[in-house]
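Okay, entry-v1.cif now, which holds mmCIF, C-alpha atoms and all ligand atoms:
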data_final
loop_
_atom_site.label_atom_id
_atom_site.label_comp_id
_atom_site.auth_asym_id
_atom_site.auth_seq_id
_atom_site.Cartn_x
_atom_site.Cartn_y
_atom_site.Cartn_z
CA MET A 1039 -21.21 38.37 21.98
CA THR A 1040 -19.95 39.58 18.62
CA ILE A 1041 -20.37 43.21 17.65
CA LEU A 1042 -22.84 42.16 14.94
CA THR A 1043 -25.17 40.09 17.16
CA THR A 1044 -24.97 42.63 19.98
CA TYR A 1045 -25.78 45.44 17.55
CA LYS A 1046 -28.70 43.59 15.98
CA ARG A 1047 -30.31 42.69 19.29
CA ALA A 1048 -29.59 46.11 20.82
CA TYR A 1049 -31.59 47.84 18.07
CA ASP A 1050 -34.41 45.30 17.85
CA GLY A 1051 -37.03 46.49 20.33
CA THR A 1052 -38.87 43.16 20.20
CA LYS A 1053 -35.82 41.33 21.58
CA LEU A 1054 -35.69 41.98 25.30
CA ASP A 1055 -33.00 39.48 26.23
CA PRO A 1056 -29.35 39.89 25.16
CA TYR A 1057 -29.23 36.16 24.27
CA PRO A 1058 -31.80 34.47 21.98
CA VAL A 1059 -33.75 32.77 24.78
CA GLU A 1060 -36.83 32.81 22.54
CA SER A 1061 -35.16 30.08 20.43
CA LEU A 1062 -34.98 27.61 23.36
CA LYS A 1063 -37.30 24.61 23.54
CA ARG A 1064 -39.65 25.10 26.49
CA VAL A 1065 -40.98 22.12 28.45
CA ASP A 1066 -43.43 21.66 31.31
CA ARG A 1067 -40.94 20.29 33.83
CA PRO A 1068 -37.15 20.34 34.34
CA THR A 1069 -35.36 17.61 32.40
CA THR A 1070 -34.14 15.91 35.60
CA PHE A 1071 -36.77 14.36 37.86
CA ILE A 1072 -37.83 16.35 40.92
CA ASP A 1073 -39.97 14.41 43.40
CA GLU A 1074 -41.71 17.39 44.96
CA GLU A 1075 -43.65 15.24 47.43
CA ARG A 1076 -40.46 13.90 48.99
CA ILE A 1077 -38.16 16.90 49.09
CA GLN A 1078 -37.27 18.08 52.57
CA ARG A 1079 -36.33 21.72 53.03
CA VAL A 1080 -32.60 21.95 53.64
CA ASP A 1081 -30.96 23.41 56.76
CA GLN A 1082 -28.47 26.05 55.61
CA ARG A 1083 -26.02 24.79 58.24
CA ALA A 1084 -25.72 21.52 56.27
CA GLY A 1085 -24.34 23.40 53.22
CA GLY A 1086 -20.76 22.80 52.11
CA PHE A 1087 -19.12 26.06 53.15
CA ALA A 1088 -21.14 26.17 56.40
CA ARG A 1089 -19.79 22.72 57.28
CA ALA A 1090 -16.27 23.81 56.36
CA ARG A 1091 -16.56 26.89 58.60
CA SER A 1092 -17.81 24.85 61.53
CA GLY A 1093 -14.90 22.43 61.22
CA GLY A 1094 -16.81 19.59 59.55
CA LEU A 1095 -14.11 19.15 56.89
CA GLY A 1096 -11.24 19.34 59.37
CA PRO A 1097 -9.40 22.26 61.02
CA SER A 1098 -7.27 23.20 58.00
CA TYR A 1099 -10.39 24.05 55.94
CA GLN A 1100 -12.16 26.05 58.61
CA ASN A 1101 -11.16 29.65 57.89
CA LEU A 1102 -11.73 29.51 54.08
CA LEU A 1103 -8.64 31.74 53.69
CA GLY A 1104 -7.46 29.63 50.76
CA LEU A 1105 -10.26 31.18 48.70
CA PHE A 1106 -8.99 34.69 49.37
CA LYS A 1107 -5.22 34.41 48.95
CA TYR A 1108 -5.50 36.62 45.87
CA PRO A 1109 -5.97 40.32 46.73
CA LEU A 1110 -8.64 40.98 44.08
CA SER A 1111 -10.89 38.19 45.39
CA ARG A 1112 -10.44 39.54 48.92
CA ALA A 1113 -11.51 43.03 47.75
CA GLN A 1114 -14.53 41.63 45.89
CA GLN A 1115 -15.58 39.55 48.87
CA ARG A 1116 -15.44 42.60 51.17
CA MET A 1117 -17.61 44.63 48.79
CA ALA A 1118 -20.22 41.84 48.53
CA ALA A 1119 -20.26 41.68 52.35
CA THR A 1120 -21.46 45.30 52.52
CA LEU A 1121 -24.68 44.16 50.81
CA ALA A 1122 -25.46 41.46 53.40
CA ASP A 1123 -27.98 43.67 55.24
CA LYS A 1124 -29.41 45.37 52.13
CA VAL A 1125 -31.64 42.48 51.09
CA ASP A 1126 -34.95 43.66 52.56
CA GLY A 1127 -36.70 46.80 53.77
CA PRO A 1128 -39.98 48.69 54.08
CA VAL A 1129 -42.59 48.40 51.32
CA ALA A 1130 -44.18 51.60 49.91
CA GLU A 1131 -47.63 52.19 51.33
CA HIS A 1132 -49.23 52.86 47.94
CA ARG A 1133 -48.82 50.68 44.86
CA ALA A 1134 -47.47 52.34 41.74
CA PRO A 1135 -49.95 52.61 38.83
CA GLY A 1136 -49.76 50.08 36.01
CA THR A 1137 -48.11 47.34 38.07
CA ASP A 1138 -50.90 44.75 38.08
CA ASP A 1139 -50.38 43.22 34.59
CA PRO A 1140 -48.17 40.11 35.09
CA GLU A 1141 -46.99 39.98 31.44
CA ALA A 1142 -46.05 43.66 31.36
CA MET A 1143 -44.36 43.52 34.75
CA ALA A 1144 -42.32 40.41 33.90
CA ARG A 1145 -41.07 42.19 30.80
CA HIS A 1146 -40.36 45.37 32.74
CA ILE A 1147 -38.52 43.61 35.57
CA LYS A 1148 -36.36 41.68 33.09
CA ALA A 1149 -35.59 44.90 31.20
CA THR A 1150 -34.65 46.54 34.50
CA ALA A 1151 -32.31 43.66 35.39
CA TYR A 1152 -30.66 43.87 31.96
CA PHE A 1153 -30.31 47.65 32.40
CA LEU A 1154 -28.50 46.88 35.67
CA ARG A 1155 -26.14 44.59 33.66
CA ALA A 1156 -27.60 41.11 34.16
CA ASP A 1157 -26.76 38.66 31.36
CA VAL A 1158 -29.71 36.27 31.57
CA VAL A 1159 -32.91 36.56 33.65
CA GLY A 1160 -35.72 34.07 34.30
CA ILE A 1161 -38.85 34.04 36.47
CA CYS A 1162 -40.69 31.15 38.15
CA ARG A 1163 -43.09 30.50 41.01
CA LEU A 1164 -41.05 30.13 44.18
CA PRO A 1165 -41.06 26.40 45.01
CA PRO A 1166 -41.66 26.16 48.80
CA TYR A 1167 -39.00 23.43 49.01
CA ALA A 1168 -36.38 25.88 47.65
CA VAL A 1169 -36.58 27.88 50.89
CA TYR A 1170 -33.96 26.84 53.48
CA SER A 1171 -35.42 25.53 56.74
CA HIS A 1172 -32.97 27.21 59.15
CA SER A 1173 -30.51 30.08 58.96
CA GLN A 1174 -26.79 29.40 58.91
CA ALA A 1175 -26.08 32.63 60.80
CA THR A 1176 -28.62 32.33 63.63
CA GLY A 1177 -30.04 28.81 63.54
CA GLU A 1178 -33.52 30.39 63.47
CA PRO A 1179 -36.28 28.88 61.26
CA ILE A 1180 -36.61 30.64 57.88
CA GLU A 1181 -39.96 31.70 56.47
CA CYS A 1182 -40.17 33.11 52.96
CA ALA A 1183 -43.65 32.83 51.46
CA HIS A 1184 -43.29 35.08 48.42
CA LYS A 1185 -45.05 33.85 45.29
CA TYR A 1186 -42.37 34.43 42.65
CA ALA A 1187 -38.60 34.17 42.19
CA ILE A 1188 -36.64 36.30 39.72
CA ALA A 1189 -33.24 34.73 38.98
CA VAL A 1190 -30.41 36.88 37.65
CA LEU A 1191 -27.27 35.40 36.03
CA VAL A 1192 -24.01 37.25 35.40
CA ASP A 1193 -21.21 35.92 33.21
CA GLN A 1194 -17.78 35.32 34.83
CA ASP A 1195 -16.14 36.75 31.68
CA TRP A 1196 -15.30 34.62 28.67
CA LYS A 1197 -11.93 36.25 27.91
CA THR A 1198 -10.63 35.62 31.41
CA ALA A 1199 -11.99 32.06 31.29
CA ASP A 1200 -10.18 31.57 27.98
CA ALA A 1201 -6.85 32.64 29.52
CA SER A 1202 -7.14 30.78 32.80
CA PHE A 1203 -6.44 27.19 33.91
CA GLY A 1204 -9.45 27.44 36.20
CA ASN A 1205 -7.33 26.66 39.27
CA ASP A 1206 -4.87 29.54 39.06
CA TRP A 1207 -4.84 32.82 40.99
CA ILE A 1208 -7.73 34.55 39.21
CA SER A 1209 -10.16 31.67 39.77
CA THR A 1210 -11.99 32.88 42.89
CA SER A 1211 -12.10 36.41 41.47
CA MET A 1212 -14.00 35.15 38.43
CA GLY A 1213 -16.66 33.67 40.70
CA PHE A 1214 -16.76 36.80 42.85
CA LEU A 1215 -17.11 39.04 39.80
CA SER A 1216 -20.49 37.40 39.26
CA TYR A 1217 -21.33 37.00 42.95
CA SER A 1218 -20.73 40.67 43.76
CA THR A 1219 -22.46 41.89 40.58
CA THR A 1220 -25.53 39.71 41.09
CA ALA A 1221 -25.65 40.84 44.74
CA PHE A 1222 -25.65 44.46 43.59
CA ILE A 1223 -28.34 43.86 40.94
CA SER A 1224 -30.59 41.79 43.22
CA CYS A 1225 -30.49 44.33 46.08
CA ILE A 1226 -31.40 47.20 43.75
CA LEU A 1227 -34.12 45.17 42.02
CA ALA A 1228 -35.70 44.12 45.34
CA ASP A 1229 -35.60 47.70 46.64
CA TYR A 1230 -37.16 48.96 43.39
CA ILE A 1231 -40.02 46.43 43.66
CA ARG A 1232 -40.64 47.47 47.26
CA LYS A 1233 -40.82 51.08 46.10
CA LEU A 1234 -43.49 49.96 43.60
CA GLY A 1235 -45.50 48.78 46.61
CA TYR A 1236 -44.84 45.00 46.70
CA PRO A 1237 -42.80 42.92 49.17
CA ALA A 1238 -39.47 41.73 47.76
CA ARG A 1239 -36.25 40.28 49.16
CA ALA A 1240 -32.86 39.79 47.54
CA HIS A 1241 -30.97 36.51 48.05
CA HIS A 1242 -27.26 36.72 47.21
CA ILE A 1243 -23.91 35.22 48.15
CA ARG A 1244 -23.82 37.00 51.50
CA ASN A 1245 -27.43 36.45 52.52
CA TYR A 1246 -29.53 33.66 51.03
CA GLN A 1247 -32.84 32.27 52.26
CA VAL A 1248 -33.39 30.14 49.14
CA MET A 1249 -31.50 27.42 47.27
CA LEU A 1250 -30.69 28.41 43.72
CA PRO A 1251 -30.68 25.20 41.60
CA PRO A 1252 -34.45 24.43 41.72
CA ILE A 1253 -35.23 28.08 41.01
CA LEU A 1254 -32.86 28.20 38.03
CA LEU A 1255 -34.40 24.99 36.64
CA TRP A 1256 -38.01 26.16 36.95
CA ALA A 1257 -37.13 29.64 35.63
CA GLY A 1258 -35.82 28.12 32.40
CA LEU A 1259 -32.20 29.10 32.93
CA GLY A 1260 -30.57 25.72 32.42
CA GLU A 1261 -30.42 21.98 33.08
CA MET A 1262 -28.57 19.98 35.75
CA CYS A 1263 -25.14 18.87 34.51
CA ARG A 1264 -22.52 16.23 35.29
CA THR A 1265 -20.62 18.49 37.69
CA GLY A 1266 -23.32 17.70 40.25
CA ASP A 1267 -25.31 20.39 42.01
CA ILE A 1268 -24.83 22.94 39.27
CA VAL A 1269 -27.15 24.21 36.55
CA LEU A 1270 -25.66 24.71 33.08
CA ASN A 1271 -26.98 27.54 30.91
CA PRO A 1272 -27.05 27.03 27.13
CA PHE A 1273 -25.37 30.40 26.43
CA LEU A 1274 -22.92 30.66 29.34
CA GLY A 1275 -22.22 27.02 30.23
CA THR A 1276 -21.52 27.00 33.99
CA ARG A 1277 -19.51 30.23 33.65
CA PHE A 1278 -21.92 32.30 35.77
CA LYS A 1279 -23.15 32.94 39.28
CA ALA A 1280 -26.69 33.83 40.23
CA ALA A 1281 -28.76 35.76 42.72
CA VAL A 1282 -32.52 35.76 43.23
CA VAL A 1283 -35.25 38.22 44.20
CA THR A 1284 -38.39 36.74 45.75
CA THR A 1285 -41.51 38.85 45.60
CA ASP A 1286 -45.32 39.07 45.49
CA LEU A 1287 -45.28 41.44 42.50
CA PRO A 1288 -47.59 39.77 39.91
CA LEU A 1289 -45.30 38.27 37.25
CA ALA A 1290 -45.72 35.99 34.22
CA ILE A 1291 -43.46 32.98 34.65
CA ASP A 1292 -41.05 31.26 32.27
CA LYS A 1293 -41.02 27.53 31.58
CA PRO A 1294 -38.11 25.11 32.04
CA ILE A 1295 -35.88 24.41 29.02
CA ASP A 1296 -34.55 21.31 27.26
CA PHE A 1297 -31.47 21.74 25.10
CA GLY A 1298 -30.38 18.10 25.16
CA LEU A 1299 -27.92 18.44 28.02
CA GLN A 1300 -28.75 15.16 29.76
CA ASP A 1301 -27.79 13.25 26.62
CA PHE A 1302 -24.80 15.54 26.01
CA CYS A 1303 -23.37 15.07 29.54
CA SER A 1304 -23.88 11.31 29.30
CA LYS A 1305 -21.57 11.32 26.23
CA CYS A 1306 -19.07 13.91 27.50
CA ALA A 1307 -16.93 13.72 30.61
CA LYS A 1308 -14.43 16.52 30.08
CA CYS A 1309 -15.14 17.95 33.54
CA ALA A 1310 -14.60 14.51 35.15
CA THR A 1311 -11.39 14.03 33.17
CA HIS A 1312 -9.86 17.32 34.34
CA CYS A 1313 -11.32 17.87 37.83
CA PRO A 1314 -8.21 18.24 40.04
CA ALA A 1315 -10.06 16.72 42.99
CA GLY A 1316 -11.54 13.76 41.13
CA ALA A 1317 -14.90 14.94 42.44
CA ILE A 1318 -16.96 14.46 39.27
CA PRO A 1319 -18.19 10.98 38.27
CA PHE A 1320 -17.43 9.22 34.98
CA GLY A 1321 -19.95 6.87 33.40
CA GLU A 1322 -22.99 7.34 31.20
CA ASP A 1323 -25.47 7.05 34.03
CA SER A 1324 -23.78 8.15 37.24
CA THR A 1325 -26.87 9.80 38.64
CA VAL A 1326 -28.45 9.42 42.07
CA VAL A 1327 -31.62 10.61 43.77
CA HIS A 1328 -30.69 13.03 46.53
CA ASN A 1329 -33.47 14.50 48.67
CA GLY A 1330 -35.96 14.04 45.84
CA TYR A 1331 -33.71 15.47 43.10
CA VAL A 1332 -32.04 13.38 40.38
CA LYS A 1333 -28.47 14.66 40.00
CA TRP A 1334 -25.04 13.48 38.91
CA ASN A 1335 -23.25 11.83 41.83
CA ASN A 1336 -20.43 14.28 42.51
CA ASP A 1337 -18.30 14.30 45.69
CA VAL A 1338 -19.07 17.67 47.30
CA ASP A 1339 -16.47 17.35 50.05
CA ARG A 1340 -13.62 16.54 47.65
CA CYS A 1341 -14.53 19.60 45.59
CA LEU A 1342 -14.74 21.86 48.64
CA LYS A 1343 -11.44 20.67 50.07
CA TYR A 1344 -9.70 21.26 46.78
CA ARG A 1345 -11.15 24.76 46.34
CA ILE A 1346 -10.17 25.82 49.86
CA GLY A 1347 -6.79 24.05 49.92
CA ASN A 1348 -5.64 24.51 46.30
CA GLN A 1349 -1.86 25.08 46.29
CA TRP A 1350 -1.71 26.02 42.59
CA GLY A 1351 -3.88 29.11 42.91
CA SER A 1352 -6.99 30.40 44.66
CA GLY A 1353 -10.20 28.35 44.46
CA CYS A 1354 -11.16 26.28 41.44
CA GLY A 1355 -13.38 26.37 38.37
CA VAL A 1356 -11.61 23.89 36.08
CA CYS A 1357 -14.94 22.17 35.31
CA ILE A 1358 -16.30 25.51 34.07
CA HIS A 1359 -13.32 26.13 31.80
CA VAL A 1360 -13.06 22.75 30.09
CA CYS A 1361 -16.79 22.34 29.41
CA PRO A 1362 -17.72 22.44 25.69
CA TRP A 1363 -20.57 24.85 26.56
CA ASN A 1364 -18.06 27.43 27.82
CA LYS A 1365 -17.75 29.39 24.60
CA PRO A 1366 -18.02 32.98 23.34
CA PHE A 1367 -21.18 34.00 21.50
CA THR A 1368 -19.77 34.18 17.96
CA PRO A 1369 -21.66 33.10 14.81
CA PHE A 1370 -19.45 29.99 14.59
CA HIS A 1371 -20.09 28.98 18.19
CA ARG A 1372 -23.79 29.78 17.82
CA PHE A 1373 -23.89 27.31 14.92
CA VAL A 1374 -22.04 24.62 16.91
CA ARG A 1375 -24.34 25.27 19.88
CA TRP A 1376 -27.36 24.82 17.60
CA THR A 1377 -26.07 21.44 16.37
CA MET A 1378 -25.25 20.33 19.94
CA THR A 1379 -28.79 21.23 20.96
CA ASN A 1380 -30.77 19.94 18.00
CA ILE A 1381 -28.86 17.03 16.45
CA PRO A 1382 -28.15 14.24 18.97
CA LEU A 1383 -25.84 12.46 16.51
CA ALA A 1384 -23.66 15.58 16.27
CA ARG A 1385 -22.93 15.66 20.00
CA ARG A 1386 -20.04 13.17 19.99
CA LEU A 1387 -18.62 15.04 17.01
CA ALA A 1388 -18.84 18.33 18.89
CA ILE A 1389 -17.05 16.82 21.92
CA TRP A 1390 -14.34 15.35 19.68
CA GLY A 1391 -14.01 18.68 17.81
CA ASP A 1392 -13.75 20.56 21.11
CA ASP A 1393 -10.71 18.49 22.05
CA LEU A 1394 -9.25 18.74 18.55
CA MET A 1395 -9.48 22.54 18.59
CA GLY A 1396 -7.73 22.63 21.97
CA TYR A 1397 -10.64 24.28 23.82
CA GLY A 1398 -10.19 24.25 27.57
CA THR A 1399 -6.43 24.75 27.20
CA PRO A 1400 -5.48 28.13 28.70
CA ASN A 1401 -4.86 30.79 26.06
CA GLN A 1402 -2.13 32.61 27.96
CA LYS A 1403 -1.87 35.50 25.50
CA ASN A 1404 -5.18 36.73 26.94
CA LYS A 1405 -3.84 36.66 30.50
CA TRP A 1406 -4.22 40.16 31.99
CA TRP A 1407 -3.85 39.62 35.74
CA HIS A 1408 -0.77 39.48 37.99
CA ASP A 1409 -0.20 36.31 39.96
CA LEU A 1410 -0.03 37.24 43.64
CA GLU A 1411 -0.41 35.21 46.81
CA ALA A 1412 -1.00 36.48 50.34
CA VAL A 1413 1.30 34.58 52.70
CA ASP A 1414 0.93 35.53 56.38
CA GLY A 1415 -0.62 38.82 55.29
CA VAL A 1416 2.22 39.71 52.88
CA LEU A 1417 1.77 39.59 49.09
CA GLN A 1418 4.31 37.49 47.21
CA THR A 1419 4.82 36.36 43.62
CA PRO A 1420 4.03 32.63 43.66
CA ASP A 1421 6.27 30.22 41.75
CA ARG A 1422 3.27 28.20 40.47
CA SER A 1423 0.06 29.15 38.67
CA GLY A 1424 -2.58 26.58 37.83
CA LYS A 1425 -2.15 23.02 36.70
CA ARG A 1426 -4.14 20.79 34.36
CA PHE A 1427 -4.86 17.32 35.75
CA VAL A 1428 -5.97 14.32 33.69
CA ASN A 1429 -8.04 11.57 35.34
CA SER A 1430 -9.20 8.33 33.83
CA PRO A 1431 -12.41 6.51 34.83
CA THR A 1432 -10.32 4.17 37.00
CA ASP A 1433 -8.26 6.66 38.98
CA ARG A 1434 -8.76 9.98 40.70
CA ALA A 1435 -6.45 12.97 40.74
CA SER A 1436 -4.89 14.19 43.95
CA ASP A 1437 -2.89 17.27 44.74
S1 LIG B 1 -12.65 20.65 42.30
FE1 LIG B 1 -12.74 22.20 40.69
S2 LIG B 1 -13.11 21.06 38.79
FE2 LIG B 1 -13.58 19.69 40.48
S3 LIG B 1 -15.79 19.93 40.78
FE3 LIG B 1 -14.78 21.33 42.20
S4 LIG B 1 -14.69 23.28 41.09
FE4 LIG B 1 -15.12 21.70 39.56
S1 LIG B 2 -17.81 19.10 30.60
FE1 LIG B 2 -19.21 17.76 29.45
S2 LIG B 2 -20.01 16.35 31.00
FE2 LIG B 2 -19.13 18.09 32.10
S3 LIG B 2 -20.85 19.50 32.43
FE3 LIG B 2 -19.84 20.13 30.53
S4 LIG B 2 -20.98 19.05 28.91
FE4 LIG B 2 -21.49 18.05 30.86
#
So that I can check it, write out the structure of this file as structure tokens.
Ligand code: SF4
Ligand code: SF4
Amino acid sequence: MTILTTYKRAYDGTKLDPYPVESLKRVDRPTTFIDEERIQRVDQRAGGFARARSGGLGPSYQNLLGLFKYPLSRAQQRMAATLADKVDGPVAEHRAPGTDDPEAMARHIKATAYFLRADVVGICRLPPYAVYSHSQATGEPIECAHKYAIAVLVDQDWKTADASFGNDWISTSMGFLSYSTTAFISCILADYIRKLGYPARAHHIRNYQVMLPPILLWAGLGEMCRTGDIVLNPFLGTRFKAAVVTTDLPLAIDKPIDFGLQDFCSKCAKCATHCPAGAIPFGEDSTVVHNGYVKWNNDVDRCLKYRIGNQWGSGCGVCIHVCPWNKPFTPFHRFVRWTMTNIPLARRLAIWGDDLMGYGTPNQKNKWWHDLEAVDGVLQTPDRSGKRFVNSPTDRASD
């Protein structure tokens, strides 16, 4: 955010959220169809990384080491791991006074999350179908019957995104910046709620019992986008990671949002054009119904294999970097964002302008990190660092 907008919001006591979420159009349901009668709860062992670990993508993808070739991402991953068993605990015997007003508590919990350095926070009822059916770690059935879900988003850092290809050495670290920070915030928030006398559990990168996308949609934190199983936030694009706290603390809920993304993604395909794995579909209507959810028909396994096996860096987030919604929060970009949201005819112009201005091209003068690669446990300076691929609707990129 600019100094001016940050200053104005920081000193305006009526504005709780750092971003102007009050300006978003609220709707009764998410903008992509969810057939709640048909959704089956998902077994965590069927998830992408769980399948990779168990050998489902082939032996060379099993140890996930490709994601942690860069020493910073390794350090971040180890820190997040220390929070794996901090997600739950005893609930105070006596409830704290003044905690039974849902409106007041929703406001207080959001303020607490922002104090802990969250960037965007939303609250919804916990959809029962968002709870995984079985644990990846133990195979045991999962039960989580809390009433509410508090979702916390943390930005992966605009300046680093601006400098990076998205598939160079800093890529996994950007994701883990947000994963480790949201893990930290969610564990503290859950513990705080338990100290107020209400059950609460954190769900973060090292210990989830819930799926995030339906929660983010119902909590008004974004819409589904062309990249597939990912929710795009109007202020951060897809440049964030999330964690959730489920709880029985009485909370007022948010409503889903509509900022025109379904129409925007149908006109734009920058992520499909530059995905190094060719995992994102082209076409105006490349959506499918998957387990009761309408989503863009991405190829999850291609994406996973590329992120684990990337030879040009560590992990991948090219689709995050090239997306026209991946912008800083300046007055100019706020204006463009407003036109993209409110004037359908301006969307093609915005996409064309994004290309014309060279957005998505790495701005290497902002590069602050050292390229390093762990090879057989020894750090080396790699002779390659990210690469921009260009696909057309009739071909797919390959490494
Ligand atoms: S391979 Fe990279 S660009 Fe393609 S979908 Fe996966 S993360 Fe996005
Ligand atoms: S790059 Fe374009 S098509 Fe892809 S998610 Fe962003 S807005 Fe949608």
Point-to-point distance from CA of His1359 in chain A to CA of Lys1308 in chain A, Å rounded to tenths: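 Interatomic distance here is 9.8 Å.
Across the structure, CA of Phe1367 in chain A and CA of Lys1279 in chain A are spaced 17.9 Å apart.
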Give me the residues of chain A that have any atom at most 7 Å from an atom of ligand LIG 2 (chain B); for each, the nearest atom pair and the distance in Å, rounded to one decimal. Use all atoms listed in the file, sort by chain and number, and format it as a tab-separated table.
residue	atom	partner	partner_atom	distance
A:Cys1263	CA	B:LIG2	S3	4.8
A:Arg1264	CA	B:LIG2	S3	4.7
A:Thr1265	CA	B:LIG2	S3	5.4
A:Phe1302	CA	B:LIG2	S4	5.9
A:Cys1303	CA	B:LIG2	FE4	3.8
A:Ser1304	CA	B:LIG2	S2	6.6
A:Cys1306	CA	B:LIG2	FE1	4.3
A:Ala1307	CA	B:LIG2	S2	4.1
A:Lys1308	CA	B:LIG2	S1	4.3
A:Cys1309	CA	B:LIG2	S1	4.1
A:Ala1310	CA	B:LIG2	FE2	6.5
A:Cys1357	CA	B:LIG2	S1	6.3
A:Val1360	CA	B:LIG2	S1	6.0
A:Cys1361	CA	B:LIG2	S1	3.6
A:Pro1362	CA	B:LIG2	S4	5.7
A:Trp1363	CA	B:LIG2	FE3	6.2
Option closest in space to Leu1342 in chain A, from A:Gly1316, A:His1328, A:Ala1168, A:Leu1234 [counting all atoms listed in the file]: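 Using all atoms listed in the file, Leu1342 in chain A sits closest to A:Gly1316.
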Find the smallest box with edges along x, y and z containing every listed atom of ligand LIG 1 (chain B), then add 8 Å on each side and report centre and edge lengths in Å to one decimal, as lines of an AutoDock Vina configuration file.
center_x = -14.2
center_y = 21.5
center_z = 40.5
size_x = 19.1
size_y = 19.6
size_z = 19.5
Distance filter 7 Å around ligand LIG 1 (chain B), atoms: all atoms listed in the file, out as a list in words: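 Those residues are Thr1265, Cys1309, His1312, Cys1313, Pro1314, Ala1315, Gly1316, Ala1317, Ile1318, Arg1340, Cys1341, Leu1342, Tyr1344, Arg1345, Cys1354, Gly1355, Val1356, Cys1357 and Ile1358 of chain A.
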A:Ile1161, A:Thr1052, A:Phe1203, A:Asp1393 ranked by distance to Gly1424 in chain A, top pick (using only C-alpha atoms):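 Using only C-alpha atoms, the shortest distance to Gly1424 in chain A belongs to A:Phe1203.
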Selected residue of minimal separation from Trp1334 in chain A among A:Thr1070, A:Thr1368, A:Lys1148, A:Asp1296, counting only C-alpha atoms: A:Thr1070
Separation of CA of Ala1149 in chain A from CA of Leu1227 in chain A, in Å and rounded to one decimal: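 Separation between CA of Ala1149 in chain A and CA of Leu1227 in chain A: 10.9 Å.
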Exercise: Val1129 in chain A partners within 6 Å, all atoms listed in the file, chain neighbours under 2 positions left out, as a ChimeraX atom specification: /A:1232,1235,1237
